[in-house]
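**Q** Input structure: entry-v8.txt, which contains compact mmCIF, C-alpha atoms.
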# COMPACT_ATOMS: atom_id res chain seq x y z
CA MET A 281 -12.59 23.46 268.55
CA LYS A 282 -12.33 19.89 267.28
CA LEU A 283 -11.36 17.11 269.63
CA LYS A 284 -8.45 14.93 268.56
CA TRP A 285 -10.58 12.02 267.41
CA GLU A 286 -13.23 14.01 265.59
CA ASN A 287 -11.07 14.23 262.47
CA HIS A 288 -10.42 10.54 262.06
CA GLY A 289 -12.80 8.72 264.38
CA LEU A 290 -11.69 6.33 267.07
CA LYS A 291 -9.60 4.03 264.87
CA SER A 292 -5.84 4.01 265.07
CA PRO A 293 -4.02 5.10 261.89
CA LEU A 294 -3.07 1.51 261.11
CA ALA A 295 -6.68 0.36 261.49
CA ARG A 296 -7.85 3.10 259.18
CA ALA A 297 -5.25 2.17 256.60
CA ARG A 298 -6.21 -1.51 256.68
CA GLY A 299 -9.84 -0.57 256.15
CA LEU A 300 -11.30 -3.74 257.62
CA GLY A 301 -14.59 -3.86 259.51
CA SER A 302 -18.00 -2.53 258.68
CA ALA A 303 -18.38 -0.60 255.45
CA LYS A 304 -21.10 1.53 257.08
CA GLU A 305 -22.65 2.36 253.74
CA GLY A 306 -25.00 -0.51 252.98
CA THR A 307 -28.20 1.30 253.82
CA ASP A 308 -28.09 3.22 250.59
CA HIS A 309 -28.14 -0.02 248.59
CA TRP A 310 -30.99 -1.41 250.69
CA PHE A 311 -33.04 1.75 250.38
CA MET A 312 -32.51 2.13 246.64
CA GLN A 313 -33.59 -1.47 246.18
CA ARG A 314 -36.87 -0.68 247.95
CA VAL A 315 -37.39 2.56 246.07
CA THR A 316 -36.80 0.96 242.67
CA ALA A 317 -39.00 -1.96 243.74
CA ILE A 318 -41.93 0.34 244.48
CA ALA A 319 -41.41 2.19 241.22
CA ASN A 320 -41.19 -1.11 239.41
CA ILE A 321 -44.53 -2.31 240.72
CA ALA A 322 -46.20 0.54 238.91
CA LEU A 323 -43.98 0.68 235.85
CA SER A 324 -43.70 -3.01 235.11
CA GLY A 325 -47.43 -3.31 235.76
CA TRP A 326 -47.92 -0.71 233.05
CA PHE A 327 -45.55 -2.64 230.78
CA VAL A 328 -47.44 -5.91 231.27
CA LEU A 329 -50.75 -4.17 230.56
CA SER A 330 -49.20 -2.63 227.44
CA ILE A 331 -48.11 -6.03 226.18
CA ILE A 332 -51.66 -7.30 226.64
CA SER A 333 -53.12 -4.32 224.82
CA LEU A 334 -50.57 -4.57 222.00
CA THR A 335 -51.34 -8.19 221.31
CA ASN A 336 -55.07 -7.53 221.34
CA SER A 337 -55.13 -4.46 219.15
CA GLU A 338 -56.97 -4.75 215.84
CA LEU A 339 -53.95 -3.61 213.89
CA ALA A 340 -51.82 -6.34 215.39
CA ILE A 341 -53.84 -9.30 214.28
CA ASN A 342 -53.80 -8.31 210.62
CA ASP A 343 -50.30 -6.94 210.39
CA PRO A 344 -48.46 -8.61 207.46
CA MET A 345 -45.09 -8.31 209.19
CA GLY A 346 -46.31 -10.47 212.05
CA VAL A 347 -45.09 -14.03 212.31
CA ASN A 348 -47.83 -16.57 211.74
CA ASP A 349 -47.88 -18.99 214.59
CA PRO A 350 -49.55 -22.34 213.82
CA MET A 351 -50.60 -22.68 217.44
CA GLY A 352 -52.28 -19.30 217.34
CA VAL A 353 -50.29 -17.67 220.09
CA ARG A 354 -51.19 -14.05 219.55
CA ILE A 355 -48.24 -12.64 221.43
CA ILE A 356 -46.22 -13.05 218.27
CA GLU A 357 -48.71 -11.40 215.90
CA GLY A 358 -49.27 -8.61 218.35
CA PHE A 359 -45.64 -7.72 218.34
CA ALA A 360 -45.53 -7.14 214.65
CA TYR A 361 -43.07 -4.44 213.74
CA GLU A 362 -45.49 -1.69 212.69
CA THR A 363 -47.71 -2.12 215.69
CA PHE A 364 -44.84 -2.07 218.11
CA THR A 365 -43.06 0.95 216.67
CA ASN A 366 -46.29 2.91 216.31
CA TRP A 367 -47.02 2.21 219.92
CA LEU A 368 -43.54 3.11 221.13
CA GLU A 369 -43.43 6.35 219.11
CA GLN A 370 -46.07 8.00 221.22
CA PRO A 371 -44.37 10.24 223.79
CA VAL A 372 -46.21 8.82 226.82
CA ASN A 373 -45.24 5.27 225.96
CA ALA A 374 -41.66 6.18 225.13
CA ILE A 375 -41.27 8.04 228.43
CA LEU A 376 -42.83 5.28 230.52
CA MET A 377 -40.77 2.64 228.72
CA THR A 378 -37.60 4.60 229.41
CA LEU A 379 -38.51 4.88 233.09
CA THR A 380 -39.30 1.17 233.24
CA VAL A 381 -35.93 0.36 231.70
CA ILE A 382 -34.05 2.59 234.12
CA THR A 383 -35.72 1.38 237.31
CA SER A 384 -35.77 -2.30 236.43
CA PHE A 385 -32.15 -2.31 235.24
CA TYR A 386 -31.05 -0.52 238.42
CA HIS A 387 -33.08 -2.94 240.56
CA ALA A 388 -31.62 -5.93 238.68
CA SER A 389 -28.09 -4.58 239.09
CA LEU A 390 -28.56 -4.21 242.86
CA GLY A 391 -30.09 -7.67 243.13
CA ALA A 392 -27.37 -9.34 241.07
CA GLN A 393 -24.80 -7.59 243.23
CA VAL A 394 -26.26 -9.22 246.33
CA ILE A 395 -26.25 -12.65 244.69
CA VAL A 396 -22.60 -12.30 243.67
CA GLU A 397 -21.57 -11.10 247.12
CA ASP A 398 -23.30 -14.06 248.73
CA TYR A 399 -22.22 -16.95 246.57
CA ILE A 400 -18.83 -16.15 245.08
CA HIS A 401 -15.91 -16.51 247.42
CA ALA A 402 -12.80 -16.05 245.28
CA GLU A 403 -12.04 -12.39 245.78
CA TRP A 404 -10.79 -11.57 242.28
CA PHE A 405 -13.72 -13.31 240.59
CA LYS A 406 -16.20 -11.58 242.86
CA ILE A 407 -14.79 -8.14 242.08
CA LEU A 408 -14.69 -8.94 238.37
CA LYS A 409 -18.33 -10.03 238.38
CA LEU A 410 -19.47 -7.06 240.46
CA ILE A 411 -17.87 -4.52 238.17
CA GLY A 412 -19.00 -6.49 235.11
CA ILE A 413 -22.61 -6.59 236.30
CA LYS A 414 -22.78 -2.87 236.99
CA LEU A 415 -21.23 -2.07 233.62
CA PHE A 416 -23.47 -4.53 231.81
CA TYR A 417 -26.70 -3.15 233.21
CA PHE A 418 -25.61 0.42 232.66
CA ALA A 419 -24.67 -0.36 229.05
CA GLY A 420 -27.93 -2.24 228.58
CA ALA A 421 -29.94 0.69 229.89
CA VAL A 422 -28.11 3.06 227.56
CA ALA A 423 -28.75 0.72 224.61
CA CYS A 424 -32.45 0.55 225.43
CA ILE A 425 -32.85 4.29 225.92
CA PHE A 426 -31.04 4.96 222.67
CA SER A 427 -33.29 2.50 220.82
CA ILE A 428 -36.41 4.07 222.30
CA ALA A 429 -35.18 7.51 221.29
CA LYS A 430 -34.39 6.30 217.78
CA ILE A 431 -37.87 4.92 217.34
CA ALA A 432 -39.59 7.89 218.93
CA PHE A 433 -37.83 10.65 216.99
CA MET B 185 -5.55 -16.52 252.14
CA SER B 186 -3.44 -18.31 249.56
CA ASP B 187 -0.26 -18.65 251.63
CA LYS B 188 -1.76 -20.86 254.39
CA PRO B 189 -0.95 -24.56 254.23
CA ALA B 190 -3.90 -26.61 252.88
CA ALA B 191 -6.39 -27.31 255.69
CA LYS B 192 -7.37 -30.91 256.30
CA GLU B 193 -10.86 -31.77 254.96
CA ARG B 194 -13.17 -32.20 257.91
CA PRO B 195 -16.70 -33.68 257.78
CA LEU B 196 -19.74 -31.38 257.97
CA SER B 197 -23.01 -32.48 259.52
CA PRO B 198 -25.83 -32.63 256.96
CA HIS B 199 -27.83 -29.41 256.64
CA LEU B 200 -29.64 -28.92 253.34
CA GLN B 201 -30.30 -32.65 253.10
CA VAL B 202 -32.14 -32.86 256.39
CA TYR B 203 -33.67 -29.45 257.21
CA LYS B 204 -37.38 -29.51 256.53
CA PRO B 205 -38.30 -27.14 253.68
CA GLN B 206 -40.70 -24.52 255.00
CA MET B 207 -42.89 -21.86 253.46
CA THR B 208 -40.57 -19.10 254.65
CA SER B 209 -37.28 -20.59 253.50
CA VAL B 210 -38.53 -22.02 250.20
CA LEU B 211 -40.32 -18.84 249.17
CA SER B 212 -37.26 -16.82 250.08
CA ILE B 213 -34.87 -18.80 247.89
CA MET B 214 -37.46 -18.86 245.12
CA HIS B 215 -37.62 -15.07 245.33
CA ARG B 216 -33.90 -14.91 244.77
CA ALA B 217 -34.00 -17.48 241.95
CA ALA B 218 -36.88 -15.66 240.25
CA GLY B 219 -35.02 -12.39 240.55
CA PHE B 220 -31.95 -13.94 238.97
CA ALA B 221 -34.03 -15.38 236.12
CA LEU B 222 -35.63 -11.99 235.54
CA ALA B 223 -32.25 -10.28 235.54
CA VAL B 224 -31.27 -12.62 232.71
CA GLY B 225 -34.62 -11.97 231.03
CA LEU B 226 -33.83 -8.28 230.87
CA ILE B 227 -31.36 -9.20 228.14
CA MET B 228 -34.37 -10.13 226.02
CA ILE B 229 -35.83 -6.68 226.61
CA ILE B 230 -32.57 -5.16 225.41
CA TRP B 231 -32.71 -7.37 222.34
CA MET B 232 -36.33 -6.45 221.68
CA LEU B 233 -35.75 -2.71 221.84
CA VAL B 234 -32.50 -2.71 219.88
CA ALA B 235 -34.05 -4.97 217.24
CA ALA B 236 -37.07 -2.68 216.99
CA ALA B 237 -34.77 0.28 216.44
CA SER B 238 -32.73 -1.60 213.86
CA GLY B 239 -35.55 -2.29 211.43
CA PRO B 240 -38.11 -4.89 210.40
CA GLU B 241 -35.69 -7.70 209.57
CA ALA B 242 -33.95 -7.60 212.93
CA PHE B 243 -37.30 -7.48 214.68
CA LYS B 244 -38.48 -10.46 212.65
CA THR B 245 -35.51 -12.46 213.93
CA PHE B 246 -36.52 -11.55 217.46
CA LEU B 247 -40.12 -12.59 216.81
CA ASN B 248 -38.99 -15.87 215.28
CA PHE B 249 -37.09 -16.64 218.43
CA CYS B 250 -40.13 -15.78 220.55
CA GLY B 251 -42.29 -18.04 218.41
CA SER B 252 -39.98 -21.05 218.61
CA TRP B 253 -40.78 -23.62 221.26
CA ILE B 254 -37.72 -22.69 223.31
CA GLY B 255 -38.67 -19.02 223.10
CA LYS B 256 -42.21 -19.71 224.25
CA LEU B 257 -40.91 -21.83 227.10
CA MET B 258 -38.64 -18.99 228.18
CA LEU B 259 -41.47 -16.47 227.97
CA LEU B 260 -43.69 -18.71 230.08
CA GLY B 261 -40.92 -19.10 232.64
CA TRP B 262 -40.19 -15.41 232.72
CA SER B 263 -43.82 -14.43 233.14
CA ALA B 264 -44.21 -16.90 236.02
CA ALA B 265 -40.98 -15.65 237.60
CA PHE B 266 -42.13 -12.07 237.11
CA PHE B 267 -45.50 -12.52 238.81
CA TYR B 268 -43.95 -14.56 241.61
CA HIS B 269 -41.22 -11.97 242.23
CA LEU B 270 -43.83 -9.22 242.14
CA SER B 271 -46.12 -10.91 244.68
CA ASN B 272 -43.35 -11.98 247.03
CA GLY B 273 -41.73 -8.57 246.62
CA ILE B 274 -44.90 -6.93 247.89
CA ARG B 275 -44.77 -9.37 250.83
CA HIS B 276 -41.20 -8.19 251.49
CA LEU B 277 -42.24 -4.56 251.37
CA ILE B 278 -45.05 -5.29 253.84
CA TRP B 279 -42.42 -6.86 256.10
CA ASP B 280 -40.44 -3.64 255.81
CA THR B 281 -43.38 -1.72 257.26
CA GLY B 282 -43.32 -4.05 260.26
CA HIS B 283 -46.38 -6.17 259.61
CA LEU B 284 -46.86 -9.89 258.87
CA PHE B 285 -44.03 -10.97 261.16
CA LYS B 286 -46.19 -13.35 263.17
CA ILE B 287 -45.41 -16.77 261.80
CA GLU B 288 -49.04 -17.73 261.02
CA ASN B 289 -49.52 -14.49 259.15
CA ALA B 290 -46.28 -14.95 257.25
CA TYR B 291 -47.44 -18.40 256.20
CA LYS B 292 -50.87 -17.13 255.17
CA ALA B 293 -49.25 -14.41 253.12
CA GLY B 294 -47.06 -17.08 251.56
CA TYR B 295 -50.12 -18.95 250.37
CA VAL B 296 -51.54 -15.71 249.01
CA VAL B 297 -48.30 -15.14 247.11
CA LEU B 298 -48.34 -18.59 245.56
CA GLY B 299 -52.01 -18.32 244.68
CA SER B 300 -51.66 -14.92 243.10
CA THR B 301 -48.67 -16.09 241.05
CA VAL B 302 -50.75 -18.87 239.51
CA VAL B 303 -53.75 -16.60 238.99
CA LEU B 304 -51.82 -13.69 237.47
CA THR B 305 -49.77 -15.88 235.15
CA SER B 306 -52.89 -17.65 233.89
CA ILE B 307 -54.77 -14.40 233.37
CA PHE B 308 -51.80 -12.95 231.51
CA TRP B 309 -51.51 -15.89 229.12
CA ILE B 310 -55.26 -16.03 228.56
CA LEU B 311 -55.41 -12.37 227.69
CA VAL B 312 -52.31 -12.32 225.52
I need this file expressed as structure tokens, please.
**A**
Amino acid sequence: MKLKWENHGLKSPLARARGLGSAKEGTDHWFMQRVTAIANIALSGWFVLSIISLTNSELAINDPMGVNDPMGVRIIEGFAYETFTNWLEQPVNAILMTLTVITSFYHASLGAQVIVEDYIHAEWFKILKLIGIKLFYFAGAVACIFSIAKIAF
Amino acid sequence: MSDKPAAKERPLSPHLQVYKPQMTSVLSIMHRAAGFALAVGLIMIIWMLVAAASGPEAFKTFLNFCGSWIGKLMLLGWSAAFFYHLSNGIRHLIWDTGHLFKIENAYKAGYVVLGSTVVLTSIFWILV
């Protein structure tokens, strides 16, 4: 048998309708930020190591599609088109890149949300930015995953 | 909020101008700033992947931007921000486990974070 307040909690109907007070659901955001952070340590570490290996690969330095940099910065030659797409085609790299994109975009979206909540005070602008940020990072993640799939298949 | 009569401007005592910058506070705001810079940098990743999927010409445009002096400056900034955010992020995660709260230890860890940022960024740009 349910007690009278177990259906609605201890708030009066007017208080419930106004909806002010604690949102009580922030822990999810906090936890997901930590989870994606831990995943990102591994995944972005892999990405950084991949960049280093791409720019140092033999194929990269002689690739004709690479841009010749007068200062000899090899990051540009290493990212020549053939080298990069050959690297991304391999299933392991495509999968890890997709995971990196997902976790880092989610982490960035959560972080940007916190920044907006802290520094923007006009209510309408804050809501606009919050929705815009979530949509932007979701769209960006979809764009990246689609591009990876297009290269890999 | 908008239907109240305009409040009279009252003076505020100085805060940011006078509070001594400390390892804890400065590293914390830098963590946020680095995170914001990286969030903007993710747009470059989107550009890179979409350009790679679009063909050699689009990718060449991307590479030309990376090779320009402004592109290289941005890449340097982003790599520094990345390694700083990574190191300080690990410090945050250690705080979440309950360690490093003693102020001397937090300061020591702060020095470790700054040192590792410099070291990792240099190693990255030497190797690349």
**Q** I want to know what sits within 12 Å of range 376-378 of chain A, based on only C-alpha atoms, with residues of the same chain fewer than 5 positions away left out; could you give that as a ChimeraX atom specification?
**A** /A:319-320,322-328,330-331,367-371,383-385,420-429,431-432 /B:229-230,233
**Q** Using all atoms listed in the file, what table do you get, as a Markdown table, when you list each residue of chain B with an atom no more than 9 Å from chain A, its nearest pair of atoms, and their distance in Å rounded to one decimal, rows by chain then rising number?
**A**
| residue | atom | partner | partner_atom | distance |
| --- | --- | --- | --- | --- |
| B:Arg216 | CA | A:Ile395 | CA | 8.0 |
| B:Gly219 | CA | A:Gly391 | CA | 7.3 |
| B:Phe220 | CA | A:Ala392 | CA | 6.8 |
| B:Leu222 | CA | A:Ala388 | CA | 7.9 |
| B:Ala223 | CA | A:Ala388 | CA | 5.4 |
| B:Val224 | CA | A:Ala388 | CA | 9.0 |
| B:Leu226 | CA | A:Phe385 | CA | 7.6 |
| B:Ile227 | CA | A:Gly420 | CA | 7.8 |
| B:Ile229 | CA | A:Cys424 | CA | 8.1 |
| B:Ile230 | CA | A:Cys424 | CA | 5.7 |
| B:Trp231 | CA | A:Cys424 | CA | 8.5 |
| B:Met232 | CA | A:Cys424 | CA | 8.8 |
| B:Leu233 | CA | A:Ser427 | CA | 5.9 |
| B:Val234 | CA | A:Ser427 | CA | 5.4 |
| B:Ala235 | CA | A:Ser427 | CA | 8.3 |
| B:Ala236 | CA | A:Thr365 | CA | 7.0 |
| B:Ala237 | CA | A:Ser427 | CA | 5.1 |
| B:Ser238 | CA | A:Ser427 | CA | 8.1 |
| B:Gly239 | CA | A:Tyr361 | CA | 8.2 |
| B:Pro240 | CA | A:Tyr361 | CA | 6.0 |
| B:Phe243 | CA | A:Tyr361 | CA | 6.6 |
| B:Lys244 | CA | A:Val347 | CA | 7.5 |
| B:Leu247 | CA | A:Ile356 | CA | 6.3 |
| B:Asn248 | CA | A:Val347 | CA | 7.0 |
| B:Cys250 | CA | A:Ile356 | CA | 7.1 |
| B:Gly251 | CA | A:Ile356 | CA | 6.4 |
| B:Leu270 | CA | A:Ile321 | CA | 7.1 |
| B:Gly273 | CA | A:Ala317 | CA | 7.7 |
| B:Ile274 | CA | A:Ile321 | CA | 8.5 |
| B:Leu277 | CA | A:Arg314 | CA | 7.5 |
| B:Phe308 | CA | A:Ile332 | CA | 7.5 |
| B:Trp309 | CA | A:Ile332 | CA | 8.9 |
| B:Leu311 | CA | A:Ile332 | CA | 6.4 |
| B:Val312 | CA | A:Ile332 | CA | 5.2 |
**Q** Could you tell me how far CA of Leu196 in chain B lies from CA of Ile400 in chain A, in Å and to one decimal?
**A**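 Answer for the CA of Leu196 in chain B to CA of Ile400 in chain A separation: 20.0 Å.
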**Q** Report the distance between CA of Val302 in chain B and CA of Gly261 in chain B in Å, rounded to one decimal place.
**A**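 Computing the Euclidean distance for CA of Val302 in chain B and CA of Gly261 in chain B yields 12.0 Å.
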**Q** Smallest atom-to-atom distance to Ala265 in chain B: which of B:Thr301, B:Thr281, B:Ser252, B:Thr245, using all atoms listed in the file?
**A**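 So, comparing all the options, the nearest one is B:Thr301.
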**Q** For a test of reading the model, state the distance in Å between CA of Arg275 in chain B and CA of Met207 in chain B, rounded to one decimal.
**A**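 Computed distance, CA of Arg275 in chain B to CA of Met207 in chain B, equals 12.9 Å.
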**Q** Using all atoms listed in the file, collect all residues at a distance of at most 12 Å from (-49.1, -18.1, 247.4) as written in the file, then present them as a ChimeraX atom specification.
**A** /B:207-208,210-211,214,267-272,274-275,290-304
**Q** My list of candidates is A:Asn373, A:Met281, A:Leu294, A:Leu390. Which is closest to Trp310 in chain A when distances are computed with all atoms listed in the file?
**A**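 Of A:Asn373, A:Met281, A:Leu294, A:Leu390, the one nearest Trp310 in chain A, counting all atoms listed in the file, is A:Leu390.
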**Q** For the structure just given, write the atoms of range 191-250 of chain B, namely C-alpha atoms, as a tab-separated table (two decimals), in the first residue's frame.
**A**
chain	number	residue	atom	x	y	z
B	191	ALA	CA	19.02	48.17	-9.99
B	192	LYS	CA	21.43	50.92	-9.03
B	193	GLU	CA	25.07	50.11	-9.91
B	194	ARG	CA	26.93	49.42	-6.70
B	195	PRO	CA	30.73	49.13	-6.34
B	196	LEU	CA	32.35	45.71	-5.96
B	197	SER	CA	35.53	45.18	-3.99
B	198	PRO	CA	38.43	44.06	-6.20
B	199	HIS	CA	38.79	40.28	-6.52
B	200	LEU	CA	40.60	39.05	-9.61
B	201	GLN	CA	42.89	42.08	-9.53
B	202	VAL	CA	44.18	41.39	-6.04
B	203	TYR	CA	43.89	37.65	-5.30
B	204	LYS	CA	47.29	36.03	-5.55
B	205	PRO	CA	47.41	33.53	-8.43
B	206	GLN	CA	48.18	30.10	-7.04
B	207	MET	CA	49.11	26.74	-8.50
B	208	THR	CA	45.67	25.33	-7.77
B	209	SER	CA	43.58	28.16	-9.17
B	210	VAL	CA	45.76	28.90	-12.21
B	211	LEU	CA	46.05	25.26	-13.24
B	212	SER	CA	42.32	24.84	-12.82
B	213	ILE	CA	41.38	27.72	-15.12
B	214	MET	CA	44.05	26.62	-17.58
B	215	HIS	CA	42.47	23.17	-17.61
B	216	ARG	CA	39.18	24.73	-18.60
B	217	ALA	CA	40.79	27.00	-21.20
B	218	ALA	CA	42.74	24.09	-22.69
B	219	GLY	CA	39.58	22.01	-22.82
B	220	PHE	CA	37.78	24.80	-24.62
B	221	ALA	CA	40.63	25.17	-27.12
B	222	LEU	CA	40.60	21.43	-27.75
B	223	ALA	CA	36.85	21.45	-28.24
B	224	VAL	CA	37.40	24.00	-30.99
B	225	GLY	CA	40.28	21.92	-32.33
B	226	LEU	CA	37.95	18.99	-32.83
B	227	ILE	CA	36.53	20.97	-35.75
B	228	MET	CA	39.89	20.44	-37.45
B	229	ILE	CA	39.55	16.70	-36.94
B	230	ILE	CA	36.14	16.84	-38.59
B	231	TRP	CA	37.66	18.77	-41.48
B	232	MET	CA	40.53	16.31	-41.79
B	233	LEU	CA	38.31	13.25	-41.95
B	234	VAL	CA	35.70	14.74	-44.26
B	235	ALA	CA	38.43	16.07	-46.55
B	236	ALA	CA	40.10	12.67	-46.61
B	237	ALA	CA	36.81	11.09	-47.61
B	238	SER	CA	36.19	13.71	-50.27
B	239	GLY	CA	39.30	13.07	-52.32
B	240	PRO	CA	42.87	14.23	-52.87
B	241	GLU	CA	42.10	17.85	-53.78
B	242	ALA	CA	40.08	18.51	-50.66
B	243	PHE	CA	42.76	16.86	-48.55
B	244	LYS	CA	45.41	19.00	-50.23
B	245	THR	CA	43.52	22.12	-49.16
B	246	PHE	CA	43.54	20.81	-45.60
B	247	LEU	CA	47.27	20.11	-45.78
B	248	ASN	CA	47.95	23.56	-47.20
B	249	PHE	CA	46.21	25.08	-44.23
B	250	CYS	CA	48.23	22.91	-41.85
